[in-house]
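Visitor: Would you mind keeping the following structure in view while I ask a few things?
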Amino acid sequence: MIVSAFEQLPDAARLPEVAIVGAGAVGIALAVMLARQGRIVTLIEAGPIVPPRDYRAANAANSTGRDHIGLSEGRMKALGGTTRLWGGQLMGFGANDLAADTYPGKPGWPIDPAELEEATAKALELLRIPPDLRDSAAVYRAASGFETQLDPKLDLGIAAWLPQPDFARLFASELRELPGLTLLAEHAVTDLATGTDGQFVSIALRAPDGSIKHLQPKRIVLANGTFELAAMLHRLAACDECRVAGKDHVGRWFIDHLHVIGGTIRELDPRRLAQLTDAVFHRGHKFTVKLKLSSRFQSEAAVPNVAAMVLPPLGPRELLRDLFSLARRSDSSAESPGFLRSLAMLGPLAWRYLIKRRGPSLLTSHAYLGIEVEQVVCEASRITLDPQDPQRLVLHWEIDGAAEMHGIRLFCEAVRDYLAREGMGRLEIDPRIVAEDPVFLHDAHDAYHQMGGARMADDPQQGVVDRNLKVFGTENLYVLGAATFPSGSFANPTLTALALAVRLAEHLHGLEKP
């Protein structure tokens, strides 16, 4: 059931087995899985059921270092969270992404690649992707005739797209009808009260009228987004009674993906290039293609992941199509803001994103190489709290640049050589890439893929949570989401975050009921 008044909560929902803070992608997924197991779950959302048109107003924060657009525009505090804004791209992390020292300084993940692969498959099942469509590469090969390995240096990365990316709608019936699952909207968590031996005994909530209410869960999962949960962990780390053992790592190692135009493809063969790069549609599902460094070459060269999409020129027709596609998912359901309101809400975000990813020229006969690069973890990049206002978070986003530029150069040269060899076009690489000049990255922008700040590790000297996502030093506090990622790959983080939700649901199910 979905309620917005604390008084409407059933008695069991006030004493749940698991309380989940944040009704975004991973929070909703975990709540649904636990409720299906027969658990009593209360899902807490600070925002409203219907997204507000001025959703950016709720994202007030300070920013230092590099400009980070997603800090204000890439977050949604409402039922469904940021799934109200995204397009639904699904691409998982691979074995290279989890391995340590693929490039100098890269941390490893404390989970086995085969384990993550199994959890990823279960996440796709949860998302109702049909079994024969879960292997995106196989679907692409069958539909296009292209192999996913182009040459020793380049592979194709294939992403599947959810037909319904809004989790408030995708899981609408479960949120309303699953026994044991209650969603409480418009209640912000203000504090977690401690008991003994690393236990948290209650959650304080601020109701819409300003009054404070309390829940007494057995276990607590913070799933309220990278920025918000890092801020909450900072406040807990400052409390000696909370026993957060990895407090020195809270907020550290923040990363995002970098997007930038790396070059122009001229003298292109439109038909052959389209065969390679066009999206594939199969049984109502979309699959898109990215050129990427092969895993083997990436390891040999010791560089971070680099990928790219071939971006066609953006004319007025294409711009309007892309803008309206964001609002087209709206309908007349109670959880939907409606078509016109969605367009007004998402239009400015879409405009900024489309212009930046396509480059400044809207009407040309050329194509662009839109690069996506993994950010190397950087100790100086972190989320903190404002000393003058501890309720306000501060993001200091930094990148090193040297390893990223080396990887970008190697990638662009490999793409240039491949396109020329296959007669698809002539890639003019930005001269700053050839020189590996980090100034080139001044043109790059973030991808709204906020990761890090609560790193998963083997011990509290290396991170904040263990392999089962429990906060070091505590007994019943867990963190879920991309904040726990030790590194970022190049892929959209949502599918991997959902795979971690699968693992957490199984871990909690394996524990004795409290």
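Labels used: A, B, ... for chains in the order of the structure tokens, numbers from 1 for residues in each chain, and numbers from 1 for ligands as shown.
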Can you tell me which residues surround A:Glu241 at a distance of at most 9 Å, considering only C-alpha atoms, apart from same-chain residues fewer than 6 positions away, and format the answer as a ChimeraX atom specification?
Guide: /A:194-196,198
Visitor: Pull the closest atom pair for each residue of stretch 63-89 of chain A that gets at most 7 Å from stretch 441-448 of chain A, along with the distance in Å to one decimal, counting only C-alpha atoms, ordering rows by chain and then ascending residue number, as a Markdown table.
Guide:
| residue | atom | partner | partner_atom | distance |
| --- | --- | --- | --- | --- |
| A:His68 | CA | A:Asp446 | CA | 6.2 |
| A:Ile69 | CA | A:Asp446 | CA | 6.6 |
| A:Gly70 | CA | A:Tyr448 | CA | 4.5 |
| A:Gly74 | CA | A:Tyr448 | CA | 5.2 |
Visitor: Running DSSP on the backbone, which parts of stretch 60-156 of chain A land in strand (DSSP E), as a list in words?
Guide: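 Residues meeting the strand (DSSP E) criterion: Asn62, Ser63, Thr64, Gly65, Gln89, Leu90, Gln149, Leu150, Asp151, Leu154, Asp155 and Leu156 of chain A.
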Visitor: I'd like the contact shell of A:Leu495 - 7 Å cut-off, only C-alpha atoms, skipping same-chain residues fewer than 2 positions apart - returned as a count of residues only.
Guide: 8
Visitor: With only C-alpha atoms as the basis for distance, which of A:Glu147, A:Glu404, A:Glu436, A:Asp11 is at the shortest distance from A:Pro304?
Guide: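 For A:Pro304, the nearest of the given residues is A:Glu404.
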Visitor: Do you know which residues are at most 9 Å from stretch 483-486 of chain A counting only C-alpha atoms, after dropping those on the same chain fewer than 4 positions away, and could you put them as a ChimeraX atom specification?
Guide: /A:98,106-109,225-227,229-230,251,253-254,377,450-457,463-465,469,479,493,497
Visitor: Which neighbours of A:Tyr103 fall inside 12 Å, counting only C-alpha atoms, when residues of the same chain fewer than 5 positions from it are skipped, and could you give them as a PDB file with all heavy atoms, in the first residue's frame?
Guide:
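Result file is part06.pdb:
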ATOM      1  N   ASN A  96      36.500  -7.500 -15.945  1.00  0.00           N
ATOM      2  CA  ASN A  96      37.547  -6.474 -15.907  1.00  0.00           C
ATOM      3  C   ASN A  96      37.199  -5.354 -14.943  1.00  0.00           C
ATOM      4  O   ASN A  96      38.069  -4.777 -14.291  1.00  0.00           O
ATOM      5  CB  ASN A  96      37.741  -5.871 -17.307  1.00  0.00           C
ATOM      6  CG  ASN A  96      39.036  -6.312 -17.951  1.00  0.00           C
ATOM      7  OD1 ASN A  96      39.483  -7.423 -17.706  1.00  0.00           O
ATOM      8  ND2 ASN A  96      39.621  -5.458 -18.765  1.00  0.00           N
ATOM      9  N   ASP A  97      35.917  -5.035 -14.874  1.00  0.00           N
ATOM     10  CA  ASP A  97      35.475  -3.920 -14.032  1.00  0.00           C
ATOM     11  C   ASP A  97      35.642  -4.224 -12.551  1.00  0.00           C
ATOM     12  O   ASP A  97      35.799  -3.316 -11.737  1.00  0.00           O
ATOM     13  CB  ASP A  97      34.021  -3.583 -14.326  1.00  0.00           C
ATOM     14  CG  ASP A  97      33.799  -3.166 -15.764  1.00  0.00           C
ATOM     15  OD1 ASP A  97      34.632  -2.409 -16.288  1.00  0.00           O
ATOM     16  OD2 ASP A  97      32.802  -3.610 -16.367  1.00  0.00           O
ATOM     17  N   LEU A  98      35.576  -5.498 -12.186  1.00  0.00           N
ATOM     18  CA  LEU A  98      35.681  -5.890 -10.786  1.00  0.00           C
ATOM     19  C   LEU A  98      37.114  -6.168 -10.357  1.00  0.00           C
ATOM     20  O   LEU A  98      37.420  -6.171  -9.165  1.00  0.00           O
ATOM     21  CB  LEU A  98      34.826  -7.127 -10.512  1.00  0.00           C
ATOM     22  CG  LEU A  98      33.348  -6.893 -10.194  1.00  0.00           C
ATOM     23  CD1 LEU A  98      32.619  -6.158 -11.307  1.00  0.00           C
ATOM     24  CD2 LEU A  98      32.640  -8.209  -9.879  1.00  0.00           C
ATOM     25  N   GLY A 108      39.934  -3.235  -6.345  1.00  0.00           N
ATOM     26  CA  GLY A 108      39.126  -4.384  -6.721  1.00  0.00           C
ATOM     27  C   GLY A 108      37.818  -4.420  -5.962  1.00  0.00           C
ATOM     28  O   GLY A 108      37.642  -3.744  -4.944  1.00  0.00           O
ATOM     29  N   SER A 295      38.285  -5.659 -23.677  1.00  0.00           N
ATOM     30  CA  SER A 295      38.758  -5.902 -22.309  1.00  0.00           C
ATOM     31  C   SER A 295      40.226  -6.308 -22.301  1.00  0.00           C
ATOM     32  O   SER A 295      41.009  -5.888 -21.437  1.00  0.00           O
ATOM     33  CB  SER A 295      37.904  -6.984 -21.650  1.00  0.00           C
ATOM     34  OG  SER A 295      36.566  -6.552 -21.516  1.00  0.00           O
ATOM     35  N   PHE A 297      42.613  -5.553 -24.556  1.00  0.00           N
ATOM     36  CA  PHE A 297      43.506  -4.443 -24.864  1.00  0.00           C
ATOM     37  C   PHE A 297      43.524  -3.439 -23.720  1.00  0.00           C
ATOM     38  O   PHE A 297      44.566  -2.862 -23.406  1.00  0.00           O
ATOM     39  CB  PHE A 297      43.079  -3.756 -26.161  1.00  0.00           C
ATOM     40  CG  PHE A 297      43.981  -2.615 -26.557  1.00  0.00           C
ATOM     41  CD1 PHE A 297      45.300  -2.837 -26.904  1.00  0.00           C
ATOM     42  CD2 PHE A 297      43.508  -1.310 -26.557  1.00  0.00           C
ATOM     43  CE1 PHE A 297      46.139  -1.785 -27.260  1.00  0.00           C
ATOM     44  CE2 PHE A 297      44.334  -0.252 -26.909  1.00  0.00           C
ATOM     45  CZ  PHE A 297      45.659  -0.492 -27.261  1.00  0.00           C
ATOM     46  N   GLN A 298      42.376  -3.225 -23.085  1.00  0.00           N
ATOM     47  CA  GLN A 298      42.331  -2.315 -21.945  1.00  0.00           C
ATOM     48  C   GLN A 298      43.286  -2.770 -20.847  1.00  0.00           C
ATOM     49  O   GLN A 298      44.016  -1.960 -20.274  1.00  0.00           O
ATOM     50  CB  GLN A 298      40.910  -2.230 -21.397  1.00  0.00           C
ATOM     51  CG  GLN A 298      40.767  -1.241 -20.245  1.00  0.00           C
ATOM     52  CD  GLN A 298      39.669  -1.618 -19.278  1.00  0.00           C
ATOM     53  OE1 GLN A 298      38.832  -2.460 -19.572  1.00  0.00           O
ATOM     54  NE2 GLN A 298      39.669  -0.993 -18.115  1.00  0.00           N
ATOM     55  N   SER A 299      43.285  -4.085 -20.565  1.00  0.00           N
ATOM     56  CA  SER A 299      44.179  -4.613 -19.537  1.00  0.00           C
ATOM     57  C   SER A 299      45.642  -4.501 -19.963  1.00  0.00           C
ATOM     58  O   SER A 299      46.509  -4.137 -19.160  1.00  0.00           O
ATOM     59  CB  SER A 299      43.841  -6.079 -19.245  1.00  0.00           C
ATOM     60  OG  SER A 299      42.534  -6.191 -18.710  1.00  0.00           O
ATOM     61  N   GLU A 300      45.909  -4.804 -21.233  1.00  0.00           N
ATOM     62  CA  GLU A 300      47.289  -4.721 -21.719  1.00  0.00           C
ATOM     63  C   GLU A 300      47.817  -3.291 -21.664  1.00  0.00           C
ATOM     64  O   GLU A 300      48.976  -3.056 -21.322  1.00  0.00           O
ATOM     65  CB  GLU A 300      47.369  -5.255 -23.144  1.00  0.00           C
ATOM     66  CG  GLU A 300      47.140  -6.759 -23.260  1.00  0.00           C
ATOM     67  CD  GLU A 300      47.070  -7.215 -24.708  1.00  0.00           C
ATOM     68  OE1 GLU A 300      47.034  -6.336 -25.602  1.00  0.00           O
ATOM     69  OE2 GLU A 300      47.060  -8.439 -24.947  1.00  0.00           O
ATOM     70  N   ALA A 301      46.951  -2.341 -22.005  1.00  0.00           N
ATOM     71  CA  ALA A 301      47.369  -0.938 -22.026  1.00  0.00           C
ATOM     72  C   ALA A 301      47.288  -0.286 -20.651  1.00  0.00           C
ATOM     73  O   ALA A 301      47.808   0.816 -20.459  1.00  0.00           O
ATOM     74  CB  ALA A 301      46.504  -0.156 -23.013  1.00  0.00           C
ATOM     75  N   ALA A 302      46.620  -0.969 -19.696  1.00  0.00           N
ATOM     76  CA  ALA A 302      46.467  -0.467 -18.322  1.00  0.00           C
ATOM     77  C   ALA A 302      45.818   0.915 -18.305  1.00  0.00           C
ATOM     78  O   ALA A 302      46.325   1.867 -17.704  1.00  0.00           O
ATOM     79  CB  ALA A 302      47.812  -0.442 -17.607  1.00  0.00           C
ATOM     80  N   VAL A 303      44.655   1.017 -18.973  1.00  0.00           N
ATOM     81  CA  VAL A 303      43.910   2.268 -19.025  1.00  0.00           C
ATOM     82  C   VAL A 303      42.475   2.013 -18.586  1.00  0.00           C
ATOM     83  O   VAL A 303      41.995   0.873 -18.614  1.00  0.00           O
ATOM     84  CB  VAL A 303      43.915   2.872 -20.449  1.00  0.00           C
ATOM     85  CG1 VAL A 303      45.314   3.291 -20.843  1.00  0.00           C
ATOM     86  CG2 VAL A 303      43.332   1.899 -21.467  1.00  0.00           C
ATOM     87  N   PRO A 304      41.755   3.045 -18.170  1.00  0.00           N
ATOM     88  CA  PRO A 304      40.353   2.875 -17.813  1.00  0.00           C
ATOM     89  C   PRO A 304      39.501   2.589 -19.042  1.00  0.00           C
ATOM     90  O   PRO A 304      39.956   2.730 -20.183  1.00  0.00           O
ATOM     91  CB  PRO A 304      39.980   4.214 -17.174  1.00  0.00           C
ATOM     92  CG  PRO A 304      40.946   5.192 -17.747  1.00  0.00           C
ATOM     93  CD  PRO A 304      42.220   4.430 -17.958  1.00  0.00           C
ATOM     94  N   ASN A 305      38.260   2.167 -18.806  1.00  0.00           N
ATOM     95  CA  ASN A 305      37.328   1.925 -19.895  1.00  0.00           C
ATOM     96  C   ASN A 305      37.078   3.176 -20.717  1.00  0.00           C
ATOM     97  O   ASN A 305      36.907   4.267 -20.159  1.00  0.00           O
ATOM     98  CB  ASN A 305      35.975   1.472 -19.334  1.00  0.00           C
ATOM     99  CG  ASN A 305      35.981   0.044 -18.857  1.00  0.00           C
ATOM    100  OD1 ASN A 305      35.869  -0.879 -19.652  1.00  0.00           O
ATOM    101  ND2 ASN A 305      36.098  -0.132 -17.546  1.00  0.00           N
ATOM    102  N   GLU A 374      35.538   6.078 -18.326  1.00  0.00           N
ATOM    103  CA  GLU A 374      35.522   5.783 -16.894  1.00  0.00           C
ATOM    104  C   GLU A 374      36.430   6.756 -16.170  1.00  0.00           C
ATOM    105  O   GLU A 374      37.573   6.970 -16.576  1.00  0.00           O
ATOM    106  CB  GLU A 374      36.008   4.345 -16.660  1.00  0.00           C
ATOM    107  CG  GLU A 374      36.200   3.969 -15.211  1.00  0.00           C
ATOM    108  CD  GLU A 374      36.789   2.579 -15.028  1.00  0.00           C
ATOM    109  OE1 GLU A 374      37.087   1.917 -16.049  1.00  0.00           O
ATOM    110  OE2 GLU A 374      36.945   2.153 -13.868  1.00  0.00           O
ATOM    111  N   GLN A 375      35.952   7.330 -15.086  1.00  0.00           N
ATOM    112  CA  GLN A 375      36.805   8.185 -14.280  1.00  0.00           C
ATOM    113  C   GLN A 375      37.673   7.327 -13.368  1.00  0.00           C
ATOM    114  O   GLN A 375      37.183   6.447 -12.657  1.00  0.00           O
ATOM    115  CB  GLN A 375      35.980   9.153 -13.419  1.00  0.00           C
ATOM    116  CG  GLN A 375      36.862  10.055 -12.560  1.00  0.00           C
ATOM    117  CD  GLN A 375      36.096  10.910 -11.571  1.00  0.00           C
ATOM    118  OE1 GLN A 375      34.876  11.008 -11.635  1.00  0.00           O
ATOM    119  NE2 GLN A 375      36.804  11.518 -10.641  1.00  0.00           N
ATOM    120  N   VAL A 376      38.962   7.574 -13.391  1.00  0.00           N
ATOM    121  CA  VAL A 376      39.868   6.921 -12.459  1.00  0.00           C
ATOM    122  C   VAL A 376      39.570   7.443 -11.055  1.00  0.00           C
ATOM    123  O   VAL A 376      39.363   8.644 -10.860  1.00  0.00           O
ATOM    124  CB  VAL A 376      41.335   7.213 -12.848  1.00  0.00           C
ATOM    125  CG1 VAL A 376      42.301   6.665 -11.806  1.00  0.00           C
ATOM    126  CG2 VAL A 376      41.639   6.626 -14.219  1.00  0.00           C
ATOM    127  N   VAL A 377      39.533   6.529 -10.068  1.00  0.00           N
ATOM    128  CA  VAL A 377      39.229   6.968  -8.706  1.00  0.00           C
ATOM    129  C   VAL A 377      40.261   7.993  -8.255  1.00  0.00           C
ATOM    130  O   VAL A 377      41.461   7.868  -8.524  1.00  0.00           O
ATOM    131  CB  VAL A 377      39.183   5.774  -7.734  1.00  0.00           C
ATOM    132  CG1 VAL A 377      37.986   4.885  -8.037  1.00  0.00           C
ATOM    133  CG2 VAL A 377      40.461   4.949  -7.803  1.00  0.00           C
ATOM    134  N   ALA A 402      45.247  12.206 -16.410  1.00  0.00           N
ATOM    135  CA  ALA A 402      46.347  11.625 -17.197  1.00  0.00           C
ATOM    136  C   ALA A 402      45.973  10.248 -17.745  1.00  0.00           C
ATOM    137  O   ALA A 402      46.112   9.986 -18.948  1.00  0.00           O
ATOM    138  CB  ALA A 402      47.601  11.537 -16.338  1.00  0.00           C
ATOM    139  N   ALA A 403      45.500   9.353 -16.877  1.00  0.00           N
ATOM    140  CA  ALA A 403      45.144   8.011 -17.331  1.00  0.00           C
ATOM    141  C   ALA A 403      43.956   8.055 -18.277  1.00  0.00           C
ATOM    142  O   ALA A 403      43.910   7.311 -19.265  1.00  0.00           O
ATOM    143  CB  ALA A 403      44.832   7.120 -16.128  1.00  0.00           C
ATOM    144  N   GLU A 404      42.993   8.926 -17.985  1.00  0.00           N
ATOM    145  CA  GLU A 404      41.828   9.053 -18.867  1.00  0.00           C
ATOM    146  C   GLU A 404      42.252   9.499 -20.263  1.00  0.00           C
ATOM    147  O   GLU A 404      41.791   8.945 -21.269  1.00  0.00           O
ATOM    148  CB  GLU A 404      40.818  10.042 -18.280  1.00  0.00           C
ATOM    149  CG  GLU A 404      40.087   9.583 -17.039  1.00  0.00           C
ATOM    150  CD  GLU A 404      40.777   9.963 -15.750  1.00  0.00           C
ATOM    151  OE1 GLU A 404      41.984  10.315 -15.797  1.00  0.00           O
ATOM    152  OE2 GLU A 404      40.140   9.908 -14.692  1.00  0.00           O
ATOM    153  N   HIS A 406      45.176   9.161 -21.732  1.00  0.00           N
ATOM    154  CA  HIS A 406      45.932   8.112 -22.424  1.00  0.00           C
ATOM    155  C   HIS A 406      44.968   7.082 -23.010  1.00  0.00           C
ATOM    156  O   HIS A 406      45.113   6.662 -24.168  1.00  0.00           O
ATOM    157  CB  HIS A 406      46.907   7.443 -21.457  1.00  0.00           C
ATOM    158  CG  HIS A 406      47.831   6.466 -22.116  1.00  0.00           C
ATOM    159  ND1 HIS A 406      48.553   6.751 -23.255  1.00  0.00           N
ATOM    160  CD2 HIS A 406      48.138   5.169 -21.796  1.00  0.00           C
ATOM    161  CE1 HIS A 406      49.273   5.703 -23.610  1.00  0.00           C
ATOM    162  NE2 HIS A 406      49.033   4.718 -22.753  1.00  0.00           N
ATOM    163  N   GLY A 407      43.969   6.695 -22.240  1.00  0.00           N
ATOM    164  CA  GLY A 407      42.979   5.752 -22.745  1.00  0.00           C
ATOM    165  C   GLY A 407      42.178   6.311 -23.896  1.00  0.00           C
ATOM    166  O   GLY A 407      41.900   5.597 -24.876  1.00  0.00           O
ATOM    167  N   SER A 487      34.674   1.196  -8.199  1.00  0.00           N
ATOM    168  CA  SER A 487      35.101   1.804  -9.460  1.00  0.00           C
ATOM    169  C   SER A 487      33.890   1.839 -10.387  1.00  0.00           C
ATOM    170  O   SER A 487      32.840   1.282 -10.075  1.00  0.00           O
ATOM    171  CB  SER A 487      36.249   1.007 -10.096  1.00  0.00           C
ATOM    172  OG  SER A 487      35.859  -0.340 -10.320  1.00  0.00           O
ATOM    173  N   SER A 489      33.572   1.468 -14.246  1.00  0.00           N
ATOM    174  CA  SER A 489      33.407   0.972 -15.605  1.00  0.00           C
ATOM    175  C   SER A 489      33.094   2.147 -16.545  1.00  0.00           C
ATOM    176  O   SER A 489      33.490   3.278 -16.296  1.00  0.00           O
ATOM    177  CB  SER A 489      32.312  -0.095 -15.660  1.00  0.00           C
ATOM    178  OG  SER A 489      32.138  -0.605 -16.965  1.00  0.00           O
TER     179      SER A 489
END
Visitor: Taking the DSSP assignment computed from this structure's backbone, write out as a VMD selection string all residues of stretch 135-340 of chain A that belong to helix (DSSP H, G or I).
Guide: chain A and resid 136 to 144 167 to 170 172 to 177 226 to 237 240 to 242 247 to 249 270 to 277 295 to 301 316 to 327 339 to 340
Visitor: So which one's closest to A:Ala185, A:Val439, A:Val244, A:Ala207, A:Ala414? Using only C-alpha atoms, please.
Guide: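 Distance minimum relative to A:Ala185 lands on A:Ala207.
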Visitor: Distance atom CA of A:Leu71-atom CA of A:Asn59, one decimal place?
Guide: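 Between atom CA of A:Leu71 and atom CA of A:Asn59 the gap works out to 7.1 Å.
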Visitor: Rank A:Ala193, A:Ala123, A:Val415, A:Ile371 by their smallest atom-to-atom distance to A:Thr496, using only C-alpha atoms, and report the top residue only.
Guide: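 Residue with the minimum atom-to-atom distance to A:Thr496: A:Ala123.
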Visitor: Env of A:Leu268: 8 Å cut, atoms = only C-alpha atoms, seq-sep filter 4 positions within chain, self excluded. Answer as a PyMOL selection string.
Guide: chain A and resi 273+366+423-426
Visitor: For the residues selected in the previous step, produce a file with all heavy atoms as a PDB file, in the first residue's frame.
Guide:
ATOM      1  N   LEU A 273      28.079   2.767 -42.025  1.00  0.00           N
ATOM      2  CA  LEU A 273      28.210   3.234 -40.655  1.00  0.00           C
ATOM      3  C   LEU A 273      26.918   2.985 -39.881  1.00  0.00           C
ATOM      4  O   LEU A 273      26.945   2.611 -38.700  1.00  0.00           O
ATOM      5  CB  LEU A 273      28.568   4.725 -40.637  1.00  0.00           C
ATOM      6  CG  LEU A 273      29.144   5.274 -39.328  1.00  0.00           C
ATOM      7  CD1 LEU A 273      30.417   4.536 -38.939  1.00  0.00           C
ATOM      8  CD2 LEU A 273      29.417   6.767 -39.464  1.00  0.00           C
ATOM      9  N   HIS A 366      27.965  15.719 -41.131  1.00  0.00           N
ATOM     10  CA  HIS A 366      28.978  14.888 -40.516  1.00  0.00           C
ATOM     11  C   HIS A 366      28.399  14.143 -39.316  1.00  0.00           C
ATOM     12  O   HIS A 366      27.260  14.374 -38.909  1.00  0.00           O
ATOM     13  CB  HIS A 366      30.177  15.736 -40.074  1.00  0.00           C
ATOM     14  CG  HIS A 366      30.643  16.703 -41.128  1.00  0.00           C
ATOM     15  ND1 HIS A 366      31.000  16.297 -42.397  1.00  0.00           N
ATOM     16  CD2 HIS A 366      30.800  18.042 -41.099  1.00  0.00           C
ATOM     17  CE1 HIS A 366      31.357  17.356 -43.114  1.00  0.00           C
ATOM     18  NE2 HIS A 366      31.238  18.423 -42.347  1.00  0.00           N
ATOM     19  N   GLY A 423      36.352   1.328 -44.602  1.00  0.00           N
ATOM     20  CA  GLY A 423      35.765   2.264 -45.558  1.00  0.00           C
ATOM     21  C   GLY A 423      34.511   2.949 -45.049  1.00  0.00           C
ATOM     22  O   GLY A 423      33.651   3.336 -45.839  1.00  0.00           O
ATOM     23  N   MET A 424      34.413   3.135 -43.740  1.00  0.00           N
ATOM     24  CA  MET A 424      33.210   3.742 -43.161  1.00  0.00           C
ATOM     25  C   MET A 424      33.333   5.247 -42.986  1.00  0.00           C
ATOM     26  O   MET A 424      32.320   5.938 -42.865  1.00  0.00           O
ATOM     27  CB  MET A 424      32.899   3.109 -41.799  1.00  0.00           C
ATOM     28  CG  MET A 424      32.502   1.645 -41.876  1.00  0.00           C
ATOM     29  SD  MET A 424      32.044   1.023 -40.236  1.00  0.00           S
ATOM     30  CE  MET A 424      31.751  -0.712 -40.629  1.00  0.00           C
ATOM     31  N   GLY A 425      34.542   5.769 -42.958  1.00  0.00           N
ATOM     32  CA  GLY A 425      34.705   7.199 -42.780  1.00  0.00           C
ATOM     33  C   GLY A 425      36.095   7.548 -42.294  1.00  0.00           C
ATOM     34  O   GLY A 425      36.906   6.672 -41.971  1.00  0.00           O
ATOM     35  N   ARG A 426      36.348   8.851 -42.258  1.00  0.00           N
ATOM     36  CA  ARG A 426      37.645   9.363 -41.807  1.00  0.00           C
ATOM     37  C   ARG A 426      37.441  10.139 -40.508  1.00  0.00           C
ATOM     38  O   ARG A 426      36.755  11.152 -40.474  1.00  0.00           O
ATOM     39  CB  ARG A 426      38.244  10.276 -42.877  1.00  0.00           C
ATOM     40  CG  ARG A 426      39.585  10.918 -42.479  1.00  0.00           C
ATOM     41  CD  ARG A 426      40.199  11.681 -43.644  1.00  0.00           C
ATOM     42  NE  ARG A 426      39.311  12.701 -44.166  1.00  0.00           N
ATOM     43  CZ  ARG A 426      39.213  13.944 -43.660  1.00  0.00           C
ATOM     44  NH1 ARG A 426      39.961  14.294 -42.612  1.00  0.00           N
ATOM     45  NH2 ARG A 426      38.388  14.820 -44.211  1.00  0.00           N
TER      46      ARG A 426
END
Visitor: Counting only C-alpha atoms, what is within 9 Å of A:Ala29, bar same-chain residues fewer than 5 positions away, as a list in words?
Guide: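 Non-adjacent residues within range: Ala23, Gly24, Leu34, Ala123, Leu126, Leu127, Phe167, Phe171, Leu498, Ala501 and Val502 of chain A.
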Visitor: Once you have the residues from the selection above, write them out as a tab-separated table (two decimals), in the first residue's frame, restricted to all heavy atoms.
Guide:
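Here's the written file selection_2.tsv:
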chain	number	residue	atom	x	y	z
A	23	ALA	N	12.85	5.52	-2.21
A	23	ALA	CA	12.03	4.74	-3.14
A	23	ALA	C	12.42	5.03	-4.58
A	23	ALA	O	11.58	5.38	-5.41
A	23	ALA	CB	10.55	5.04	-2.92
A	24	GLY	N	13.73	4.91	-4.86
A	24	GLY	CA	14.21	4.97	-6.23
A	24	GLY	C	14.35	3.57	-6.78
A	24	GLY	O	13.71	2.62	-6.29
A	34	LEU	N	11.96	-8.39	-1.11
A	34	LEU	CA	11.79	-8.80	0.27
A	34	LEU	C	10.33	-9.12	0.57
A	34	LEU	O	10.02	-10.09	1.28
A	34	LEU	CB	12.30	-7.72	1.22
A	34	LEU	CG	13.82	-7.49	1.23
A	34	LEU	CD1	14.17	-6.31	2.12
A	34	LEU	CD2	14.56	-8.74	1.68
A	123	ALA	N	18.41	-9.80	-11.83
A	123	ALA	CA	17.89	-8.43	-11.92
A	123	ALA	C	17.12	-8.24	-13.23
A	123	ALA	O	16.06	-7.58	-13.24
A	123	ALA	CB	19.03	-7.43	-11.82
A	126	LEU	N	13.80	-9.74	-12.78
A	126	LEU	CA	12.95	-8.85	-11.98
A	126	LEU	C	12.37	-7.73	-12.83
A	126	LEU	O	11.22	-7.31	-12.64
A	126	LEU	CB	13.78	-8.26	-10.83
A	126	LEU	CG	13.08	-7.25	-9.92
A	126	LEU	CD1	12.01	-7.94	-9.06
A	126	LEU	CD2	14.09	-6.52	-9.04
A	127	LEU	N	13.15	-7.26	-13.81
A	127	LEU	CA	12.71	-6.17	-14.69
A	127	LEU	C	11.82	-6.65	-15.83
A	127	LEU	O	11.44	-5.87	-16.70
A	127	LEU	CB	13.93	-5.45	-15.26
A	127	LEU	CG	14.82	-4.73	-14.24
A	127	LEU	CD1	16.07	-4.19	-14.92
A	127	LEU	CD2	14.07	-3.63	-13.52
A	167	PHE	N	10.17	3.28	-12.57
A	167	PHE	CA	9.90	2.20	-11.62
A	167	PHE	C	8.60	2.42	-10.85
A	167	PHE	O	8.01	1.45	-10.35
A	167	PHE	CB	11.07	2.05	-10.65
A	167	PHE	CG	12.20	1.22	-11.19
A	167	PHE	CD1	12.53	1.27	-12.54
A	167	PHE	CD2	12.93	0.38	-10.38
A	167	PHE	CE1	13.57	0.51	-13.06
A	167	PHE	CE2	13.97	-0.39	-10.88
A	167	PHE	CZ	14.29	-0.32	-12.21
A	171	PHE	N	6.54	-1.04	-11.28
A	171	PHE	CA	6.19	-1.84	-10.11
A	171	PHE	C	4.95	-1.30	-9.39
A	171	PHE	O	4.78	-1.51	-8.19
A	171	PHE	CB	7.38	-1.89	-9.14
A	171	PHE	CG	8.57	-2.63	-9.68
A	171	PHE	CD1	9.65	-1.94	-10.19
A	171	PHE	CD2	8.60	-4.02	-9.68
A	171	PHE	CE1	10.77	-2.62	-10.68
A	171	PHE	CE2	9.70	-4.70	-10.18
A	171	PHE	CZ	10.78	-4.01	-10.68
A	498	LEU	N	21.21	-2.74	-9.36
A	498	LEU	CA	20.09	-3.66	-9.16
A	498	LEU	C	20.58	-5.07	-8.86
A	498	LEU	O	19.96	-5.80	-8.08
A	498	LEU	CB	19.18	-3.65	-10.39
A	498	LEU	CG	18.37	-2.37	-10.60
A	498	LEU	CD1	17.71	-2.38	-11.97
A	498	LEU	CD2	17.32	-2.20	-9.51
A	501	ALA	N	21.24	-5.17	-5.37
A	501	ALA	CA	19.97	-5.29	-4.63
A	501	ALA	C	19.53	-6.75	-4.55
A	501	ALA	O	19.02	-7.20	-3.52
A	501	ALA	CB	18.89	-4.44	-5.31
A	502	VAL	N	19.73	-7.49	-5.64
A	502	VAL	CA	19.42	-8.92	-5.64
A	502	VAL	C	20.26	-9.63	-4.59
A	502	VAL	O	19.77	-10.45	-3.79
A	502	VAL	CB	19.66	-9.53	-7.03
A	502	VAL	CG1	19.60	-11.06	-6.97
A	502	VAL	CG2	18.64	-9.01	-8.03
